[in-house]
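Peer 1: What follows is the file target_4.tsv, containing TSV, C-alpha atoms:
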chain	number	residue	atom	x	y	z
J	9	ASN	CA	132.46	126.00	104.57
J	10	LEU	CA	133.98	124.58	101.40
J	11	CYS	CA	136.80	123.02	103.44
J	12	ALA	CA	134.24	121.46	105.77
J	13	LYS	CA	132.33	119.95	102.86
J	14	GLU	CA	135.55	118.54	101.47
J	15	ALA	CA	135.99	116.74	104.80
J	16	ILE	CA	132.67	114.88	104.47
J	17	PRO	CA	134.18	111.66	103.00
J	18	ASP	CA	136.67	111.48	105.88
J	19	LEU	CA	133.91	112.13	108.42
J	20	LEU	CA	131.81	109.35	106.89
J	21	GLU	CA	134.83	107.06	107.16
J	22	VAL	CA	134.98	107.85	110.89
J	23	LEU	CA	131.30	106.91	111.25
J	24	ALA	CA	131.95	103.61	109.51
J	25	ARG	CA	135.09	102.57	111.35
J	26	GLU	CA	135.38	104.33	114.70
J	27	LYS	CA	133.59	104.30	118.06
J	28	GLY	CA	133.25	106.65	121.01
J	29	ALA	CA	134.38	110.29	121.04
J	30	MET	CA	135.59	110.37	117.44
J	31	VAL	CA	132.16	109.29	116.24
J	32	ASP	CA	130.46	111.92	118.44
J	33	VAL	CA	132.54	114.68	116.86
J	34	ALA	CA	132.01	113.39	113.31
J	35	GLY	CA	128.27	113.02	113.89
J	36	LYS	CA	127.92	116.58	115.20
J	37	VAL	CA	129.90	118.05	112.29
J	38	LEU	CA	127.89	116.13	109.70
J	39	GLN	CA	124.67	117.16	111.42
J	40	GLY	CA	125.78	120.80	111.30
J	41	LEU	CA	126.65	120.50	107.61
J	42	ARG	CA	123.30	118.85	106.82
J	43	ALA	CA	125.30	116.42	104.67
J	44	GLU	CA	122.76	114.26	102.82
J	45	GLU	CA	125.43	111.58	102.38
J	46	ALA	CA	125.48	111.10	106.14
J	47	ILE	CA	121.79	110.23	106.57
J	48	LEU	CA	121.96	106.49	105.80
J	49	PRO	CA	125.23	105.95	107.74
J	50	LEU	CA	123.68	107.67	110.76
J	51	VAL	CA	120.57	105.49	110.51
J	52	ARG	CA	122.69	102.34	110.22
J	53	MET	CA	124.58	103.38	113.36
J	54	LEU	CA	121.43	102.73	115.37
J	55	LYS	CA	122.30	99.05	115.04
J	56	VAL	CA	125.69	99.62	116.73
J	57	GLU	CA	125.15	99.94	120.47
J	58	ALA	CA	128.39	101.85	121.08
J	59	ASN	CA	127.43	104.57	118.57
J	60	ARG	CA	123.66	104.59	119.08
J	61	LYS	CA	123.49	107.73	121.23
J	62	THR	CA	125.42	109.72	118.61
J	63	SER	CA	123.03	108.60	115.90
J	64	ILE	CA	119.93	109.41	117.97
J	65	ALA	CA	121.26	112.87	118.90
J	66	ALA	CA	122.23	113.77	115.33
J	67	LEU	CA	119.05	112.53	113.64
J	68	SER	CA	116.75	113.96	116.32
J	69	ALA	CA	118.35	117.41	116.10
J	70	TRP	CA	118.63	117.37	112.31
J	71	LYS	CA	115.21	115.81	111.51
J	72	PRO	CA	116.03	114.88	107.90
J	73	LYS	CA	112.89	113.72	106.05
J	74	ALA	CA	115.10	111.62	103.78
J	75	ALA	CA	115.79	109.33	106.77
J	76	ILE	CA	112.15	108.24	107.07
J	77	PRO	CA	112.23	105.24	104.66
J	78	ALA	CA	115.36	103.77	106.28
J	79	LEU	CA	114.01	104.34	109.79
J	80	VAL	CA	110.72	102.69	108.86
J	81	GLN	CA	112.65	99.64	107.70
J	82	LEU	CA	114.38	99.50	111.10
J	83	LEU	CA	110.97	99.00	112.73
J	84	LYS	CA	111.31	95.44	111.39
J	85	ASP	CA	114.69	94.91	113.07
J	86	PRO	CA	114.86	91.88	115.40
J	87	ASP	CA	116.56	93.97	118.11
J	88	PRO	CA	113.81	95.64	120.20
J	89	GLU	CA	116.14	98.48	121.23
J	90	VAL	CA	116.85	99.32	117.58
J	91	LYS	CA	113.11	99.31	116.82
J	92	GLU	CA	112.35	101.57	119.78
J	93	CYS	CA	115.12	104.03	118.83
J	94	ALA	CA	113.86	104.18	115.25
J	95	ARG	CA	110.30	104.74	116.43
J	96	GLY	CA	111.41	107.52	118.79
J	97	ILE	CA	113.20	109.40	116.00
J	98	LEU	CA	110.31	108.85	113.60
J	99	GLU	CA	107.92	110.52	116.05
J	100	GLY	CA	109.70	113.79	115.33
J	101	LEU	CA	109.87	113.23	111.58
J	102	ILE	CA	106.66	111.67	110.33
J	103	ASP	CA	103.98	113.58	108.49
J	104	LYS	CA	101.19	112.74	106.07
J	105	ASP	CA	103.75	111.90	103.39
J	106	SER	CA	104.90	108.99	105.60
J	107	LEU	CA	101.50	107.25	105.43
J	108	PRO	CA	102.34	104.80	102.60
J	109	GLU	CA	105.40	103.38	104.40
J	110	LEU	CA	103.57	103.04	107.72
J	111	LEU	CA	100.44	101.50	106.18
J	112	GLU	CA	102.70	99.00	104.43
J	113	LEU	CA	103.99	97.90	107.85
J	114	LEU	CA	100.44	96.96	108.89
J	115	GLN	CA	100.86	93.97	106.56
J	116	ASN	CA	103.90	92.72	108.48
J	117	PRO	CA	103.35	89.26	110.04
J	118	GLU	CA	104.84	90.34	113.39
J	119	ALA	CA	102.36	92.00	115.75
J	120	GLY	CA	105.20	93.95	117.38
J	121	VAL	CA	106.10	95.61	114.09
J	122	ARG	CA	102.47	96.42	113.39
J	123	ALA	CA	102.16	97.91	116.89
J	124	GLN	CA	105.10	100.26	116.21
J	125	ALA	CA	103.46	101.38	112.96
J	126	VAL	CA	100.08	101.87	114.66
J	127	ALA	CA	101.63	104.05	117.37
J	128	LEU	CA	103.09	106.30	114.67
J	129	LEU	CA	99.91	106.36	112.57
J	130	GLY	CA	97.98	107.62	115.57
J	131	ARG	CA	100.29	110.64	115.75
J	132	ILE	CA	100.10	111.73	112.12
J	133	GLY	CA	96.67	113.29	112.38
J	134	SER	CA	95.40	112.02	109.04
J	135	SER	CA	92.01	110.37	108.58
J	136	ALA	CA	93.66	108.18	105.93
J	137	ALA	CA	95.19	106.17	108.81
J	138	ILE	CA	91.79	105.27	110.29
J	139	PRO	CA	90.94	102.20	108.11
J	140	GLY	CA	94.29	100.61	108.97
J	141	LEU	CA	93.82	101.30	112.68
J	142	LEU	CA	90.31	99.82	112.59
J	143	ARG	CA	91.68	96.58	111.12
J	144	CYS	CA	94.03	96.31	114.08
J	145	LEU	CA	91.10	96.16	116.51
J	146	GLU	CA	90.25	92.67	115.24
J	147	ASP	CA	91.28	89.25	116.55
J	148	PRO	CA	94.86	89.73	117.83
J	149	GLN	CA	95.81	86.21	116.81
J	150	VAL	CA	95.10	86.94	113.13
J	151	ALA	CA	97.54	89.23	111.39
J	152	PRO	CA	96.09	91.39	108.61
J	153	SER	CA	98.36	89.65	106.10
J	154	GLN	CA	96.81	86.28	107.02
J	155	LYS	CA	93.23	87.15	106.17
J	156	LYS	CA	91.67	85.81	102.98
J	157	GLU	CA	91.20	89.22	101.43
J	158	ASN	CA	94.82	90.12	102.15
J	159	PRO	CA	97.01	87.02	101.59
J	160	PRO	CA	100.56	86.81	102.96
J	161	ARG	CA	103.39	87.99	100.76
J	162	GLU	CA	106.52	86.05	100.04
J	163	PRO	CA	109.26	85.69	101.06
J	164	GLU	CA	108.54	87.52	104.34
J	165	SER	CA	107.65	85.16	107.15
J	166	GLY	CA	106.19	85.55	110.60
J	167	PRO	CA	107.82	84.92	113.94
J	168	ASP	CA	108.85	81.40	114.95
J	169	LEU	CA	106.21	80.61	117.56
J	170	ASN	CA	108.02	77.34	118.40
J	171	ALA	CA	110.95	79.22	119.93
J	172	PRO	CA	110.99	79.37	123.77
J	173	GLY	CA	108.68	82.12	124.99
J	174	ALA	CA	107.90	83.26	121.44
J	175	ALA	CA	104.17	82.51	121.65
J	176	ASP	CA	103.83	84.58	124.85
J	177	ARG	CA	105.80	87.48	123.33
J	178	GLU	CA	103.63	87.43	120.22
J	179	LYS	CA	100.50	87.40	122.39
J	180	ASP	CA	101.77	90.41	124.35
J	181	SER	CA	102.65	92.20	121.11
J	182	ALA	CA	99.19	91.48	119.71
J	183	LEU	CA	97.58	92.98	122.81
J	184	ASP	CA	99.88	96.00	122.59
J	185	LEU	CA	98.87	96.39	118.95
J	186	ARG	CA	95.17	96.54	119.83
J	187	LEU	CA	95.72	98.99	122.68
J	188	LYS	CA	97.76	101.30	120.45
J	189	ALA	CA	95.11	101.11	117.72
J	190	ILE	CA	92.37	102.09	120.19
J	191	GLN	CA	94.41	105.02	121.47
J	192	GLY	CA	95.33	106.06	117.93
J	193	LEU	CA	91.67	106.21	116.90
J	194	ALA	CA	90.88	108.30	119.96
J	195	ASN	CA	93.77	110.66	119.24
J	196	LEU	CA	92.55	111.09	115.65
J	197	GLY	CA	89.03	111.90	116.86
J	198	ALA	CA	87.66	109.09	114.71
J	199	GLN	CA	83.96	109.54	115.45
J	200	HIS	CA	82.84	106.89	112.96
J	201	SER	CA	84.92	104.30	114.84
J	202	ILE	CA	82.74	104.64	117.96
J	203	SER	CA	80.62	101.57	117.16
J	204	GLU	CA	83.72	99.38	116.69
J	205	ILE	CA	85.28	100.67	119.91
J	206	THR	CA	81.98	100.21	121.78
J	207	ARG	CA	81.99	96.52	120.81
J	208	LEU	CA	85.34	96.20	122.54
J	209	LEU	CA	83.61	96.81	125.88
J	210	GLN	CA	82.68	93.12	125.64
J	211	ASP	CA	86.21	91.98	124.85
J	212	PRO	CA	87.59	89.20	127.08
J	213	ALA	CA	90.80	91.15	127.71
J	214	PRO	CA	90.36	93.61	130.63
J	215	GLU	CA	93.11	95.86	129.20
J	216	VAL	CA	91.16	96.21	125.96
J	217	ARG	CA	87.92	96.97	127.80
J	218	GLN	CA	89.64	99.66	129.87
J	219	ALA	CA	91.29	101.20	126.79
J	220	ALA	CA	87.91	101.21	125.01
J	221	CYS	CA	86.29	103.05	127.95
J	222	GLN	CA	89.02	105.68	127.92
J	223	ALA	CA	88.80	106.10	124.15
J	224	LEU	CA	85.02	106.51	124.22
J	225	SER	CA	85.37	109.13	126.93
J	226	GLN	CA	88.00	110.97	124.87
J	227	LEU	CA	85.70	110.80	121.82
J	228	GLN	CA	82.78	112.03	123.95
J	229	ALA	CA	80.73	109.15	122.58
J	230	SER	CA	77.23	109.74	123.96
J	231	SER	CA	75.90	106.80	121.93
J	232	ALA	CA	78.07	104.45	123.99
J	233	VAL	CA	76.72	105.62	127.36
J	234	PRO	CA	74.05	102.83	127.72
J	235	GLU	CA	76.66	100.15	127.03
J	236	LEU	CA	79.11	101.76	129.45
J	237	ILE	CA	76.46	101.91	132.19
J	238	MET	CA	75.61	98.25	131.64
J	239	ARG	CA	79.29	97.30	131.86
J	240	PHE	CA	79.73	99.24	135.09
J	241	LYS	CA	76.69	97.53	136.59
J	242	ASP	CA	78.09	94.12	135.63
J	243	ALA	CA	81.40	95.01	137.28
J	244	TYR	CA	79.82	95.78	140.69
Take the structure from the file and write it as structure tokens.

Peer 2:
Amino acid sequence: NLCAKEAIPDLLEVLAREKGAMVDVAGKVLQGLRAEEAILPLVRMLKVEANRKTSIAALSAWKPKAAIPALVQLLKDPDPEVKECARGILEGLIDKDSLPELLELLQNPEAGVRAQAVALLGRIGSSAAIPGLLRCLEDPQVAPSQKKENPPREPESGPDLNAPGAADREKDSALDLRLKAIQGLANLGAQHSISEITRLLQDPAPEVRQAACQALSQLQASSAVPELIMRFKDAY
């Protein structure tokens, strides 16, 4: 065991410089040793496509809580695959202690980043996440950090909506954000969110209306029944 621990610097060097089978072996050994020094290098490897599977396998099997802050930061990465990998690993790691980092991401100017955070908040099972999720039900074109009571922070900036296709991607991300927030509230059993979700039955987006119906059913919201009946009548 002592000899194995003495090999940690060399194994970390392999992670930093090599690719393929050598990295797989080094990752498995470091995972087995629970070497704290390996956590950040393994997280950084998510950004290297050739070594990504090794990183995912090691972090998912190990589940080191110390990786949470670095993985949360990767939710801001411009590469969607990196963000999705980080989110997937975080699903197995997050707990109530992760709330501050995830709530902080709700201030991010990119709807896609906020949507990733909302998806994770809905899995934590803490009522402390509910106020943040409720804010994400609002106008999808207005990020929380752009509202008067919550001014944007510098130097972080939002997405360049002048880039080709960027406006459509941001619109899709904003819709995804709202849908994840609705589902998150339902998963948390947020009974006092029923009135806000009921209002979404009048939303212009059909996806939002459908998600609201499903959430109200999951919450067994008897108070929403008259509105649901009226909506069904309007639909037929």

Peer 1: Need the shell around range 126-132 of chain J: protein/DNA/RNA residues with any atom at most 7 Å away, counting only C-alpha atoms. Skip same-chain ones fewer than 6 positions apart. Format as a ChimeraX atom specification?

Peer 2: /J:99,102-104,110,141,188-189,192-193,195-196

Peer 1: Would you list the contacts of range 49-55 of chain J as a list in words, taking every protein, DNA or RNA residue within 9 Å and counting all atoms listed in the file, but skipping same-chain residues closer than 5 positions in sequence?

Peer 2: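 Counting only the stated atoms, we get Leu20, Leu23, Ala24, Gly35, Arg60, Lys61, Thr62, Ser63, Ile64, Ala66, Leu67, Ala75, Ala78, Leu79, Leu82, Asp85, Asp87, Glu89, Val90, Cys93 and Ala94 of chain J.
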
Peer 1: Got a sec: who's within 12 Å of Gln228 in chain J, counting only C-alpha atoms, leaving out chain neighbours fewer than 2 positions off, as a list in words?

Peer 2: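 Here the qualifying residues turn out to be Ala194, Gly197, Ala198, Gln199, Ile202, Cys221, Gln222, Ala223, Leu224, Ser225, Gln226, Ser230, Ser231, Ala232 and Val233 of chain J.
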
Peer 1: Closest to Gln115 in chain J among J:Lys179, J:Lys84, J:Lys13, J:Lys27, using all atoms listed in the file?

Peer 2: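 That would be J:Lys84, the residue with the smallest distance to Gln115 in chain J.
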
Peer 1: Between CA of Leu101 in chain J and CA of Asp18 in chain J, what distance in Å does the model show, to one decimal?

Peer 2: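 Spanning CA of Leu101 in chain J to CA of Asp18 in chain J is a straight-line distance of 27.5 Å.
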
Peer 1: Up to 8 Å from (84.2, 98.6, 124.4) in the file's coordinates: name the residues, counting only C-alpha atoms, as a PyMOL selection string.

Peer 2: chain J and resi 204-211+216-221+224+236

Peer 1: Keeping only C-alpha atoms, write those residues as a PDB file, in the coordinates of the input.

Peer 2:
ATOM      1  CA  GLU J 204      83.720  99.380 116.690  1.00  0.00           C
ATOM      2  CA  ILE J 205      85.280 100.670 119.910  1.00  0.00           C
ATOM      3  CA  THR J 206      81.980 100.210 121.780  1.00  0.00           C
ATOM      4  CA  ARG J 207      81.990  96.520 120.810  1.00  0.00           C
ATOM      5  CA  LEU J 208      85.340  96.200 122.540  1.00  0.00           C
ATOM      6  CA  LEU J 209      83.610  96.810 125.880  1.00  0.00           C
ATOM      7  CA  GLN J 210      82.680  93.120 125.640  1.00  0.00           C
ATOM      8  CA  ASP J 211      86.210  91.980 124.850  1.00  0.00           C
ATOM      9  CA  VAL J 216      91.160  96.210 125.960  1.00  0.00           C
ATOM     10  CA  ARG J 217      87.920  96.970 127.800  1.00  0.00           C
ATOM     11  CA  GLN J 218      89.640  99.660 129.870  1.00  0.00           C
ATOM     12  CA  ALA J 219      91.290 101.200 126.790  1.00  0.00           C
ATOM     13  CA  ALA J 220      87.910 101.210 125.010  1.00  0.00           C
ATOM     14  CA  CYS J 221      86.290 103.050 127.950  1.00  0.00           C
ATOM     15  CA  LEU J 224      85.020 106.510 124.220  1.00  0.00           C
ATOM     16  CA  LEU J 236      79.110 101.760 129.450  1.00  0.00           C
TER      17      LEU J 236
END

Peer 1: Counting all atoms listed in the file, figure out which residue out of J:Pro17, J:Asp184, J:Ser201, J:Val22 gets nearest to Ser135 in chain J.

Peer 2: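 That would be J:Ser201, the residue with the smallest distance to Ser135 in chain J.
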
Peer 1: Let me make sure I understand: among J:Val121, J:Leu41, J:Ala58, J:Cys144, which one has the smallest atom-to-atom distance to Gly28 in chain J if we use only C-alpha atoms?

Peer 2: J:Ala58

Peer 1: With distances taken over all atoms listed in the file, which residue among J:Leu187, J:Val56, J:Leu38, J:Ala182 lies nearest Pro117 in chain J?

Peer 2: J:Ala182

Peer 1: Write out as a PDB file with C-alpha atoms, in the coordinates of the input each polymer residue whose atoms come within 8 Å of Ser181 in chain J, counting all atoms listed in the file; drop sequence neighbours fewer than 4 positions from it.

Peer 2:
ATOM      1  CA  ALA J 119     102.360  92.000 115.750  1.00  0.00           C
ATOM      2  CA  GLY J 120     105.200  93.950 117.380  1.00  0.00           C
ATOM      3  CA  ALA J 123     102.160  97.910 116.890  1.00  0.00           C
ATOM      4  CA  ARG J 177     105.800  87.480 123.330  1.00  0.00           C
ATOM      5  CA  LEU J 185      98.870  96.390 118.950  1.00  0.00           C
TER       6      LEU J 185
END

Peer 1: For CA of Gln39 in chain J and CA of Ile16 in chain J, quote the distance in Å rounded to one decimal.

Peer 2: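 Computed distance, CA of Gln39 in chain J to CA of Ile16 in chain J, equals 10.8 Å.
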